[in-house]
$ cat data.cif   # mmCIF, C-alpha atoms
data_final
loop_
_atom_site.label_atom_id
_atom_site.label_comp_id
_atom_site.auth_asym_id
_atom_site.auth_seq_id
_atom_site.Cartn_x
_atom_site.Cartn_y
_atom_site.Cartn_z
CA MET A 262 -76.15 31.14 -64.81
CA LEU A 263 -73.73 29.27 -67.05
CA VAL A 264 -75.73 29.22 -70.31
CA GLU A 265 -78.75 31.26 -71.38
CA LEU A 266 -80.64 31.43 -74.64
CA LYS A 267 -83.17 34.24 -74.80
CA LYS A 268 -85.92 34.54 -77.43
CA ALA A 269 -83.86 32.32 -79.71
CA SER A 270 -85.09 31.41 -83.19
CA ARG A 271 -83.72 29.23 -85.96
CA SER A 272 -85.21 28.03 -89.23
CA PHE A 273 -83.98 26.67 -92.53
CA SER A 274 -85.17 26.45 -96.10
CA ASN A 275 -86.07 23.05 -97.49
CA PHE A 276 -86.85 23.00 -101.23
CA GLY A 277 -88.04 26.58 -101.05
CA ARG A 278 -90.17 26.04 -97.97
CA GLU A 279 -89.16 27.45 -94.61
CA LYS A 280 -89.14 25.11 -91.63
CA VAL A 281 -89.04 26.67 -88.19
CA LEU A 282 -86.93 24.56 -85.83
CA PHE A 283 -87.59 26.74 -82.81
CA SER A 284 -88.93 30.24 -82.27
CA ASN A 285 -88.78 32.68 -79.36
CA ALA A 286 -87.14 29.95 -77.26
CA ASP A 287 -85.63 30.36 -73.80
CA LEU A 288 -83.21 27.89 -72.23
CA SER A 289 -81.01 28.12 -69.16
CA LEU A 290 -78.35 25.88 -67.66
CA LYS A 291 -76.50 26.41 -64.41
CA ALA A 292 -73.33 24.89 -63.01
CA GLY A 293 -73.83 21.33 -61.82
CA GLU A 294 -77.13 20.90 -63.64
CA ILE A 295 -78.08 18.16 -66.12
CA VAL A 296 -80.52 19.40 -68.74
CA ALA A 297 -82.08 16.95 -71.18
CA VAL A 298 -83.71 17.96 -74.47
CA THR A 299 -86.14 15.51 -76.06
CA GLY A 300 -88.26 15.53 -79.19
CA ALA A 301 -88.78 13.80 -82.50
CA SER A 302 -85.94 13.41 -84.99
CA GLY A 303 -85.53 16.38 -87.32
CA ASN A 304 -87.06 18.87 -84.91
CA GLY A 305 -83.84 20.82 -84.34
CA LYS A 306 -82.33 19.32 -81.20
CA SER A 307 -78.89 18.83 -82.75
CA THR A 308 -79.06 22.31 -84.26
CA LEU A 309 -79.72 23.70 -80.80
CA LEU A 310 -76.67 21.90 -79.44
CA ASN A 311 -74.55 23.04 -82.39
CA ILE A 312 -75.51 26.65 -81.70
CA LEU A 313 -74.35 26.30 -78.10
CA ALA A 314 -71.11 24.75 -79.39
CA GLY A 315 -70.56 27.58 -81.88
CA PHE A 316 -70.92 25.45 -85.01
CA GLU A 317 -74.16 27.12 -86.10
CA THR A 318 -75.79 30.49 -85.49
CA LEU A 319 -79.12 31.91 -84.40
CA ASP A 320 -81.46 33.73 -86.74
CA GLU A 321 -82.77 35.81 -83.86
CA GLY A 322 -82.30 36.03 -80.13
CA SER A 323 -79.36 36.04 -77.73
CA TYR A 324 -76.86 33.54 -76.35
CA PHE A 325 -75.06 34.27 -73.09
CA TYR A 326 -72.22 32.20 -71.63
CA GLN A 327 -71.42 33.07 -68.02
CA LYS A 328 -73.28 36.36 -68.61
CA GLU A 329 -71.08 37.22 -71.61
CA ASP A 330 -73.02 37.90 -74.80
CA VAL A 331 -71.56 35.47 -77.33
CA THR A 332 -74.47 35.57 -79.78
CA ASN A 333 -73.29 34.30 -83.19
CA ASN A 334 -69.69 35.02 -82.17
CA ARG A 335 -68.23 31.81 -83.51
CA ARG A 336 -64.67 32.88 -82.80
CA ARG A 337 -65.36 33.55 -79.13
CA ILE A 338 -67.43 30.39 -78.70
CA GLY A 339 -64.59 28.49 -80.38
CA GLU A 340 -62.24 29.79 -77.69
CA LEU A 341 -64.69 28.65 -75.01
CA ARG A 342 -65.01 25.29 -76.72
CA ARG A 343 -61.26 24.78 -76.41
CA THR A 344 -61.03 25.92 -72.80
CA ASP A 345 -64.40 25.38 -71.15
CA MET A 346 -66.51 22.86 -73.08
CA SER A 347 -66.47 19.22 -74.10
CA ILE A 348 -68.65 17.74 -76.82
CA ILE A 349 -69.94 14.25 -77.48
CA PRO A 350 -71.12 14.57 -81.11
CA GLN A 351 -73.36 12.06 -82.81
CA GLY A 352 -70.56 11.34 -85.28
CA LEU A 353 -68.13 10.79 -82.35
CA LEU A 354 -65.20 12.25 -84.40
CA LEU A 355 -62.60 9.67 -83.46
CA ILE A 356 -59.43 9.10 -85.50
CA GLU A 357 -59.68 5.52 -86.71
CA GLN A 358 -55.94 4.95 -87.20
CA LEU A 359 -55.19 5.85 -83.58
CA THR A 360 -55.86 3.76 -80.51
CA ALA A 361 -58.66 4.65 -78.14
CA PHE A 362 -56.20 6.06 -75.63
CA GLU A 363 -54.36 8.05 -78.31
CA ASN A 364 -57.66 9.66 -79.34
CA ILE A 365 -58.19 10.79 -75.77
CA GLU A 366 -54.57 11.94 -75.56
CA VAL A 367 -54.93 14.05 -78.72
CA ALA A 368 -57.90 15.82 -77.17
CA THR A 369 -56.17 16.51 -73.88
CA GLU A 370 -53.10 17.86 -75.68
CA ALA A 371 -55.25 20.15 -77.81
CA LYS A 372 -56.86 21.52 -74.66
CA LYS A 373 -53.50 21.63 -72.86
CA ILE A 374 -54.81 19.41 -70.08
CA ASN A 375 -52.54 17.09 -68.12
CA ILE A 376 -54.48 13.90 -67.42
CA SER A 377 -52.82 10.72 -66.17
CA ARG A 378 -53.30 7.35 -67.82
CA GLU A 379 -54.72 6.17 -64.51
CA THR A 380 -57.53 8.75 -64.65
CA VAL A 381 -58.48 7.62 -68.15
CA GLU A 382 -58.39 4.00 -67.04
CA GLU A 383 -60.73 4.75 -64.12
CA TYR A 384 -63.40 6.16 -66.41
CA ALA A 385 -62.83 3.40 -68.96
CA ARG A 386 -63.17 0.74 -66.28
CA GLU A 387 -66.55 2.10 -65.24
CA LEU A 388 -67.76 1.84 -68.85
CA GLU A 389 -66.20 -1.60 -69.34
CA ILE A 390 -63.69 -0.54 -72.01
CA GLU A 391 -60.41 -0.44 -70.09
CA PRO A 392 -59.02 -3.45 -72.05
CA LEU A 393 -59.74 -1.59 -75.31
CA LEU A 394 -57.65 1.52 -74.66
CA ASP A 395 -54.67 0.30 -76.70
CA ILE A 396 -56.73 -1.00 -79.61
CA LYS A 397 -57.12 1.08 -82.77
CA VAL A 398 -60.53 2.68 -83.08
CA LYS A 399 -61.12 1.14 -86.51
CA LYS A 400 -61.37 -2.25 -84.79
CA LEU A 401 -63.97 -1.14 -82.25
CA SER A 402 -67.73 -1.47 -82.45
CA LEU A 403 -70.00 1.57 -82.52
CA GLY A 404 -70.95 1.11 -78.87
CA GLU A 405 -67.30 0.84 -77.87
CA ARG A 406 -66.47 3.97 -79.84
CA GLN A 407 -69.30 5.82 -78.17
CA ARG A 408 -67.95 4.93 -74.75
CA ILE A 409 -64.48 6.16 -75.80
CA ALA A 410 -66.08 9.46 -76.84
CA ILE A 411 -67.79 9.69 -73.45
CA VAL A 412 -64.51 9.09 -71.61
CA ARG A 413 -62.78 11.67 -73.80
CA ALA A 414 -65.42 14.28 -72.99
CA LEU A 415 -65.30 13.58 -69.27
CA VAL A 416 -61.52 13.83 -68.96
CA CYS A 417 -61.51 17.01 -71.05
CA SER A 418 -64.57 18.66 -69.54
CA GLY A 419 -64.43 22.13 -68.07
CA ASN A 420 -67.67 23.75 -67.03
CA LEU A 421 -69.92 22.34 -69.77
CA VAL A 422 -70.45 19.05 -71.60
CA LEU A 423 -72.67 19.07 -74.69
CA ALA A 424 -73.82 15.53 -75.46
CA ASP A 425 -75.75 14.65 -78.62
CA GLU A 426 -77.43 11.25 -78.17
CA PRO A 427 -74.49 10.07 -76.02
CA THR A 428 -75.96 6.64 -75.25
CA SER A 429 -77.71 5.82 -78.54
CA ALA A 430 -75.46 2.80 -79.27
CA LEU A 431 -75.38 1.46 -75.70
CA ASN A 432 -77.52 -1.13 -74.03
CA HIS A 433 -79.65 -0.04 -71.10
CA ASP A 434 -77.18 -1.04 -68.39
CA LEU A 435 -74.24 0.72 -70.04
CA ALA A 436 -76.38 3.79 -70.73
CA LEU A 437 -77.23 4.00 -67.04
CA LYS A 438 -73.55 3.67 -66.12
CA ALA A 439 -72.71 6.54 -68.48
CA ILE A 440 -75.43 8.75 -67.02
CA GLU A 441 -74.23 7.91 -63.51
CA LEU A 442 -70.81 9.24 -64.51
CA PHE A 443 -72.51 12.40 -65.78
CA ARG A 444 -74.36 12.72 -62.47
CA ARG A 445 -71.18 12.42 -60.44
CA ARG A 446 -69.42 15.04 -62.54
CA ALA A 447 -72.45 17.30 -62.29
CA ASP A 448 -72.33 16.96 -58.52
CA SER A 449 -68.77 18.35 -58.78
CA GLY A 450 -69.99 21.39 -60.72
CA THR A 451 -69.87 20.43 -64.40
CA ALA A 452 -73.05 21.20 -66.35
CA PHE A 453 -74.46 18.84 -68.97
CA LEU A 454 -76.81 19.49 -71.85
CA MET A 455 -77.93 16.16 -73.24
CA ILE A 456 -79.94 15.49 -76.38
CA THR A 457 -81.69 12.13 -76.00
CA HIS A 458 -84.49 9.93 -77.28
CA ASP A 459 -84.02 7.53 -74.37
CA LEU A 460 -86.78 8.50 -71.98
CA SER A 461 -85.48 6.11 -69.34
CA LEU A 462 -82.53 8.46 -68.80
CA LEU A 463 -84.65 11.45 -67.89
CA ASP A 464 -84.73 10.58 -64.20
CA ALA A 465 -81.06 11.62 -64.06
CA ALA A 466 -81.85 15.06 -65.46
CA ASP A 467 -82.58 18.04 -63.26
CA THR A 468 -84.50 19.82 -66.01
CA VAL A 469 -86.16 18.50 -69.17
CA TYR A 470 -87.07 20.48 -72.28
CA SER A 471 -89.21 19.24 -75.14
CA LEU A 472 -88.63 20.55 -78.67
CA ASP A 473 -91.62 19.95 -80.89
CA GLY A 474 -93.43 21.89 -83.58
CA GLY A 475 -91.00 24.80 -83.35
CA ARG A 476 -91.54 25.25 -79.61
CA LEU A 477 -88.90 24.61 -76.95
CA GLU A 478 -90.63 24.19 -73.62
CA LYS A 479 -89.59 23.18 -70.15
CA THR A 480 -91.66 20.18 -69.16
CA LYS A 481 -92.25 17.73 -66.37
CA LYS A 482 -90.69 14.31 -66.79
CA GLN A 483 -93.99 12.51 -66.31
CA GLN A 484 -95.52 14.49 -69.19
CA ILE A 485 -93.16 12.87 -71.70
CA SER A 486 -94.16 9.50 -73.06
#

$ encode --input "data.cif" --output "C-alpha cells"
Amino acid sequence: MLVELKKASRSFSNFGREKVLFSNADLSLKAGEIVAVTGASGNGKSTLLNILAGFETLDEGSYFYQKEDVTNNRRRIGELRRTDMSIIPQGLLLIEQLTAFENIEVATEAKKINISRETVEEYARELEIEPLLDIKVKKLSLGERQRIAIVRALVCSGNLVLADEPTSALNHDLALKAIELFRRRADSGTAFLMITHDLSLLDAADTVYSLDGGRLEKTKKQQIS
C-alpha cells in the first residue's frame, strides 16, 4: 500500500466552537490507483490533502507512506514531497513573472528531474496549451494556469499526485482530457488522490470517498448525487 491513514482525526476551533472535520477515518491508496474525495465545501477535504502533503498535521491517528510511519513528521513528508510526490494546489502556486515553461522548469530543477522540452510539449498539446508555454503566467487565464499546473505535476510526478480541485476552472471537455492524462499515468503506476466537486469525473476514479459531517467513508459512485 502506498498511502494509509488509520483512525485519523482532525478538528479546528472556530470562534470558540470546535468543528470536527473528520474523526476515526481510514483511507488507503495503492500504486496506480485514482482515489477521488468528494463532499461539500468546508468539510475538510483540502485539509485531508494537506495532511498527506505534510502541510498540516493530524490530531489523532496514523499516517503511513509505503509502510513507513510518517505521522505528523513534517520534515520527513517534506523530503517525500520533493522526491516522490507532486501537488496540484487550489492556489496553483505559479510564478507570474515567469513563462509557463519556466514555471515547469523551476519545478523540475527543484526536484532534480531531467525532462525534455518535448515531453512538456506533449502534455501541453494534449491540454491545448502548447502555444502558451513561452508566455508569462501573468498573461494567462485561470483555466490556462490550471492546465500549466497539471502539466507541471505530471512531468514532476513520482509515485503520488495530490490534486486539489484540479479541473475547477476547466470546461467539461478539457476536464475530461486532464483526467484521461491522470488515467494513463495511473496505468503506469502513479497514484492519484483527487479532491473534486465535479461528479462527472468520478467514473475515472477507482475508489471514491465521501467526506461529510465529520465522517470519511468509502462509497459507491452511484450513491453520490

$ atom_distance --input "data.cif" --atom1 "CA of Leu310 in chain A" --atom2 "CA of Val264 in chain A"
11.7 Å

$ resolve_selection --input "data.cif" --expression "the PyMOL selection byres ((chain A and resi 314) around 8)" --output "list in words"
Leu310, Asn311, Ile312, Leu313, Gly315, Phe316, Glu317, Ile338, Gly339, Arg342, Ile348 and Leu423 of chain A

$ closest_atom_pairs --input "data.cif" --of "range 408-471 of chain A" --to "range 363-383 of chain A" --cutoff "7 Å" --atoms "all atoms listed in the file" --output "Markdown table"
| residue | atom | partner | partner_atom | distance |
| --- | --- | --- | --- | --- |
| A:Arg413 | CA | A:Ile365 | CA | 5.1 |
| A:Val416 | CA | A:Val381 | CA | 7.0 |
| A:Cys417 | CA | A:Thr369 | CA | 6.1 |

$ resolve_selection --input "data.cif" --expression "the PyMOL selection byres ((chain A and resi 452) around 8)" --output "PyMOL selection string"
chain A and resi 290-295+420-422+447+450-451+453-454

$ atom_distance --input "data.cif" --atom1 "CA of Arg335 in chain A" --atom2 "CA of Phe283 in chain A"
20.0 Å

$ closest_residue --input "data.cif" --among "A:Glu265, A:Asp425, A:Glu405, A:Glu321" --to "Val281 in chain A" --atoms "all atoms listed in the file"
A:Glu321

$ atom_distance --input "data.cif" --atom1 "CA of Asn333 in chain A" --atom2 "CA of Lys268 in chain A"
13.9 Å

$ closest_residue --input "data.cif" --among "A:Leu472, A:Ala385, A:Ala466, A:Leu354" --to "Ala297 in chain A" --atoms "all atoms listed in the file"
A:Ala466

$ residues_near_point --input "data.cif" --point "(-76.3, 10.1, -61.6)" --cutoff "12 Å" --atoms "all atoms listed in the file" --output "PyMOL selection string"
chain A and resi 293-295+436-449+453+462-467

$ resolve_selection --input "data.cif" --expression "the PyMOL selection byres ((chain A and resi 429) around 10)" --output "PyMOL selection string"
chain A and resi 351+403-404+407+425-428+430-433+436+457-459

$ closest_residue --input "data.cif" --among "A:Gly475, A:Pro350, A:Pro392, A:Gly419" --to "Ser307 in chain A" --atoms "all atoms listed in the file"
A:Pro350

$ axis_aligned_box --input "data.cif" --around "range 304-323 of chain A" --padding-each-side "3 Å" --output "lines of an AutoDock Vina configuration file"
center_x = -78.8
center_y = 27.4
center_z = -82.2
size_x = 22.5
size_y = 23.2
size_z = 15.0

$ residues_near_point --input "data.cif" --point "(-67.7, 12.6, -74.5)" --cutoff "7 Å" --atoms "all atoms listed in the file" --output "list in words"
Ser347, Ile348, Ile349, Ala410, Ile411, Val412, Arg413, Ala414, Leu415 and Ala424 of chain A

$ closest_residue --input "data.cif" --among "A:Leu282, A:Ala361, A:Thr344, A:Met455" --to "Ala301 in chain A" --atoms "only C-alpha atoms"
A:Leu282

$ closest_residue --input "data.cif" --among "A:Ala269, A:Ile456, A:Leu394, A:Leu353" --to "Asp320 in chain A" --atoms "all atoms listed in the file"
A:Ala269

$ closest_residue --input "data.cif" --among "A:Ser270, A:Ser418, A:Thr480, A:Thr468" --to "Gly322 in chain A" --atoms "only C-alpha atoms"
A:Ser270

$ residues_around --input "data.cif" --residues "Thr360 in chain A" --least-positions-apart "2" --cutoff "6 Å" --atoms "all atoms listed in the file" --output "ChimeraX atom specification"
/A:362-363,395-398

$ decode --input "data.cif" --residues "range 415-443 of chain A" --atoms "C-alpha atoms" --output "compact mmCIF listing (two decimals), in the first residue's frame"
# COMPACT_ATOMS: atom_id res chain seq x y z
CA LEU A 415 2.59 15.26 -14.36
CA VAL A 416 6.16 15.88 -15.51
CA CYS A 417 7.35 16.04 -11.89
CA SER A 418 5.30 13.16 -10.53
CA GLY A 419 6.90 10.27 -8.73
CA ASN A 420 4.65 7.74 -7.06
CA LEU A 421 1.89 10.12 -5.92
CA VAL A 422 -0.02 13.12 -7.26
CA LEU A 423 -2.19 15.08 -4.82
CA ALA A 424 -4.71 17.16 -6.76
CA ASP A 425 -6.99 19.71 -5.07
CA GLU A 426 -9.87 20.58 -7.42
CA PRO A 427 -7.56 20.16 -10.43
CA THR A 428 -10.25 20.83 -13.05
CA SER A 429 -12.34 23.50 -11.30
CA ALA A 430 -11.54 26.20 -13.90
CA LEU A 431 -11.83 23.92 -16.96
CA ASN A 432 -14.75 23.26 -19.23
CA HIS A 433 -16.11 19.73 -19.37
CA ASP A 434 -14.12 18.64 -22.42
CA LEU A 435 -10.81 19.91 -21.05
CA ALA A 436 -11.56 18.39 -17.64
CA LEU A 437 -12.07 15.01 -19.28
CA LYS A 438 -8.79 15.39 -21.19
CA ALA A 439 -6.98 16.14 -17.93
CA ILE A 440 -8.50 13.12 -16.20
CA GLU A 441 -7.57 10.94 -19.18
CA LEU A 442 -3.95 12.02 -18.66
CA PHE A 443 -4.30 11.05 -14.99
